[in-house]
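> First the structure, then my questions, so here it is.
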Amino acid sequence: MNWCPELGTVLANEEVIDGKSEVGGFPVIRKPMRQWMLRITAYAEKLLADLDTIDWSDSLKEMQRNWIGRSEGAEVKFQIAGSGTGILPVCSKDKADAETHRQDACATTIRVFTTRPDTLFGATYMVLSPEHKLVPQITTAEQKKAVEDYKAHAAGKSDLERTELAKEKTGVFTGAYAINPVNGEKIPIWIADYVLASYGTGAIMAVPAHDERDWEFAKKFGLKIQPVVGSLQMRGQDITPSPTVPNGVNLTTFVTIAEKQAAVHYFTDVCVAADGVGIFSSNPEVSLDGLGTNEAKNKITAWLEEKNLGKQTINYKLRDWLFSRQRYWGEPFPIIWKNGQHEALPESALPLLPPTLEDYKPTSSGEPPLARAKDWLNLPDGSIRETNTMPQWAGSCWYYLRYLDAKNSTAFVGKDVESYWMGGEGYRLKVEGFRKDVAANPEPLTLEPSTSTPGVDLYVGGTEHAVLHLLYARFWHKVLFDLGLVSTAEPFFKLVNQGLILGSDGQKMSKSRGNVVNPDDVLVEYGADAFRLYEMFMGPLQDTKPWNTQGVEGVYRFLGRVWRLFVDEPSETEFEQAETVTTKAQSHQGLLDLIKLNSSIKDVAATPAQLKTLHACIKKVTEDLDGMRFNTAISAMMVFVNDAISWEAKPVSVLKTFLQLLAPFSPHLAEELWAKLATFNLQPATNLAYAPWPKFDAALLVENEIEIPVQVNGKLRDVIKVSVTATVAELEALALANEKAKPYYEGKTIKKIIVVPKKLVNIVAT
RNA sequence: GCCGGUGUGGCGAAAUGGCAGACGCACAGGACUUAAAAUCCUGGGACCAUCAAAAGUCGUGUGGGUUCGAGUCCCACCACCGGCACCA
């Protein structure tokens, strides 16, 4: 287990980064402990495949794919030399261990996983991870001391040290040998920490000619290097090695006798891990010589299966999910222990609440804090409660379901409610009413048919959850789906990663760099409206971008302009003076009433130009909100204000609509100004938040005259004003009549004239 | 090493294959002010030239390509950011 002494708890693999805890950055060591796991590996394939069904960023999907780490290959059995002859008497009795390592309890073979079974003829030695269960069994008396020293050395290394020291290969010989099943060769078995106990079978066949790591190891310890994949580069020909046999090349005769030695020599100097064609790879029953890598893989795997020496296998990097923690704050497991056996509490005993504890701090021994609650711990029938608790992820895996139906006391979420909110498009719901147990709601709601997208409509979050929450929640949801408890196989179909906000130096914010911006300070200085507006104005939502406090100043000034667009400045001065002499007892509302609307705001009809400005703004803001392009939506509102502020008479209807656009971006200010507009008796919704979203009228945006660029050979030479209805012929004539363009094509032959109505004219001349 | 992303003014950025730099920051000049702050107005990619201006040339990381036309599409490369990494 990954044990973090500082946090006093175990951690999941995903929570350990570079050998340190993801939270706090404390050292993590390995410690044997008995813990609860969730079998997320059973969902590896579904978690991988269903990534294709969801709308997430490529990078995020790729992170999950890498984390799941699917590899296709083969498992191959290597006979231990001398096994069955009585030379190797010790067998492991531990069935659980045997299962973990997919190893026979009394082993006569070692299993390895490889993605390159086609290189089996080149396996010249084997390596077991130091923790491999067969190590004590196979180690010879002469090598015992060396092996045990090495194991102790490896165990003492933290994960961090193990990766940091990865450069230099280390290892020791066990004294034992195995038999390469394809050629009967007796090959030495080593142990080395470059082989991980937690991946595959914890043992590998080493093919130094075609694997970088094996090659380094073989070089260091003088082990045999046998090439089995030829590439045409070996002959000095500049032909890219191909997984399939290139046309016209007879590869079975590729390596001549003379070339054989050269090939071996070549591979001892350099390691080629690329695909190629088989060489030196035949026995009386099977030959891979001349075959492309894919063909060779298939052929040898089939042969191994036929001989019961191995089988095709898929391996995952994903490990089962360590789901218990030694913390007080966390859901207790609804599990009790009777006579050393565990059993689940009945549903009637749920939810299981944690006991009240005076001392809830972690213990140093690793025993969970709940063990201190003796009353809670021991049940009348003599059974004992499980004292581990669930990690924080347990709640985040289903809160989005619980939010739909938070007061439901009989189920985690009502079936109808879940279908309504999470069900996909086309789902038609016939519900009589809301659930009856919601007594607080006297008038049962009727759920309309859902036309929304399935799952959570939109999930916004950072990439830091890529292989934590976002993987766990998908797994959890899939389990619920398979149990028939939710409508969809995925919880979040549409996910957007907001980009990281960097410090003003363009570096990640961190205390050590001293570039951290405290939101509270910004709020105090500029207010919540300016803060959120700035965050949206900085740039595209998904982009990483540096913080710039002067940028906040900029949007703050914009909000000031909006304010002055509506408010009479002398009355504001009056307010400010009154405020300084007013005691707290006096009504704030009375003070605010001193602020009057700008007298240029009038209940008059808007001019066509004003309407055009407004409706261009409505269009842009509406479309940009749909696309989550908040930065450009805000620019559009700035453009509107820059124009409107110069209007002598400001039609109240236009300003009112503008406030509706501003409301989602700057709700406080917009709502305040909305209330001021009430003096006009426009009967707006009492609360701006409930006002309907404005619609734009495309007819108001139509231009009569537009500016058309005139190009010669693609270069801009002039801009002409034309009627929007100008025909192709008219545009062509106007362009040819243009004096500024003329010098650039005079004396040349006009080959053609490109006219794109409403866009441009391009005269092509040579 | 592998995977993903991003390269446009001094800075954040904008631009259905069609006038590159909208909008904002910073800067400079001006107005208002005793002065400052705030506010308002004006200016600006680079180069060349000039008393000044017009005109001109170049310009979206680099090199090619497609196209009447490329920041945008295609190919190759470089740089930076993020993730994974002895995964057999």
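Letters for chains follow the order of the structure tokens (A, B, ...), residue numbers begin at 1 for each chain, and ligand numbers begin at 1 in the order shown.
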List the neighbours of range 499-502 of chain A out to 8 Å using only C-alpha atoms (C1' of nucleotides); skip same-chain residues closer than 2 positions along the sequence, and give me the result as a list in words.

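Contacts, in chain order: Gly462, Asn497, Ser504, Asp505, Gly506, Gln507, Lys508, Met509, Leu541, Gln542, Asp543, Thr544, Lys545, Pro546 and Trp547 of chain A.
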
> Write out as number ranges by chain all residues of range 456-627 of chain A that DSSP puts in strand (DSSP E or B) for this structure's backbone.

A: 456, 459-461, 492, 494-497, 501-502, 545-546, 567, 597, 601-602

> Using only C-alpha atoms (C1' of nucleotides), determine which residues lie at most 8 Å from range 75-88 of chain B, disregarding the query and same-chain residues fewer than 4 positions distant; provide the list as number ranges by chain.

A: 63, 66-67, 69, 113-115, 163, 166, 194-195, 199, 204-205, 213, 317; B: 2-7, 61-65

> Taking the DSSP assignment computed from this structure's backbone, write out as a PyMOL selection string all residues of range 492-697 of chain A that belong to helix (DSSP H, G or I).

chain A and resi 519-537+549-566+569-581+588-592+608-626+630-644+652-662+667-680+688-690

> Which value, in Å to one decimal, gives the distance between CA of His469 in chain A and CA of Cys397 in chain A?

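These atoms are spaced 7.0 Å apart.
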
> Could you list, as a PyMOL selection string, every residue within 12 Å of G24 in chain B, counting only C-alpha atoms (C1' of nucleotides) and ignoring same-chain residues fewer than 3 positions away?

(chain A and resi 534+537-539+548+550-558+631-632+634-636+638-639) or (chain B and resi 11-14)

> Excluding same-chain residues fewer than 3 positions from G18 in chain B, what lies within 8 Å of it counting only C-alpha atoms (C1' of nucleotides), as a count of residues only?

3

> Could you check how far CA of Glu572 in chain A sits from CA of Gly527 in chain A, in Å to one decimal?

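Spanning CA of Glu572 in chain A to CA of Gly527 in chain A is a straight-line distance of 18.7 Å.
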
> In terms of the shortest atom-to-atom distance over only C-alpha atoms, which of A:Gly73, A:Gly290, A:Gly366, A:Pro664 is closest to Lys311 in chain A?

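With only C-alpha atoms as the atom set, the closest residue is A:Gly73.
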
> Hey, what's within 8 Å of A70 in chain B if we count only C-alpha atoms (C1' of nucleotides) and toss same-chain stuff fewer than 2 positions away? As an mmCIF file with N, CA and C atoms (P, O5', C5', C4', C3', O3' and C1' of nucleotides), in the first residue's frame, please?


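selection-v3.cif written:
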data_model
loop_
_atom_site.group_PDB
_atom_site.id
_atom_site.type_symbol
_atom_site.label_atom_id
_atom_site.label_comp_id
_atom_site.auth_asym_id
_atom_site.auth_seq_id
_atom_site.Cartn_x
_atom_site.Cartn_y
_atom_site.Cartn_z
ATOM 1 P P G B 17 -13.470 28.979 -41.899
ATOM 2 O "O5'" G B 17 -12.620 29.964 -42.792
ATOM 3 C "C5'" G B 17 -11.751 29.432 -43.756
ATOM 4 C "C4'" G B 17 -11.066 30.571 -44.457
ATOM 5 C "C3'" G B 17 -11.987 31.444 -45.294
ATOM 6 O "O3'" G B 17 -11.475 32.757 -45.318
ATOM 7 C "C1'" G B 17 -10.296 30.563 -46.648
ATOM 8 P P U B 72 -2.175 29.604 -41.967
ATOM 9 O "O5'" U B 72 -3.658 29.329 -41.470
ATOM 10 C "C5'" U B 72 -3.912 28.706 -40.201
ATOM 11 C "C4'" U B 72 -5.398 28.611 -39.980
ATOM 12 C "C3'" U B 72 -6.124 27.694 -40.966
ATOM 13 O "O3'" U B 72 -7.049 26.877 -40.291
ATOM 14 C "C1'" U B 72 -7.051 29.886 -41.036
ATOM 15 P P C B 73 -6.595 25.375 -39.978
ATOM 16 O "O5'" C B 73 -6.583 24.724 -41.438
ATOM 17 C "C5'" C B 73 -7.751 24.126 -41.975
ATOM 18 C "C4'" C B 73 -7.431 23.440 -43.270
ATOM 19 C "C3'" C B 73 -6.123 22.655 -43.283
ATOM 20 O "O3'" C B 73 -6.282 21.375 -42.712
ATOM 21 C "C1'" C B 73 -6.236 23.993 -45.227
#

> How many Å lie between CA of Glu343 in chain A and CA of Tyr399 in chain A, rounded to one decimal?

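Separating CA of Glu343 in chain A from CA of Tyr399 in chain A is a distance of 26.1 Å.
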
> Excluding G71 in chain B and residues on its chain fewer than 5 positions from it, collect all residues at most 8 Å away from it, counting only C-alpha atoms (C1' of nucleotides), and give them as a PyMOL selection string.

chain B and resi 8+20+60
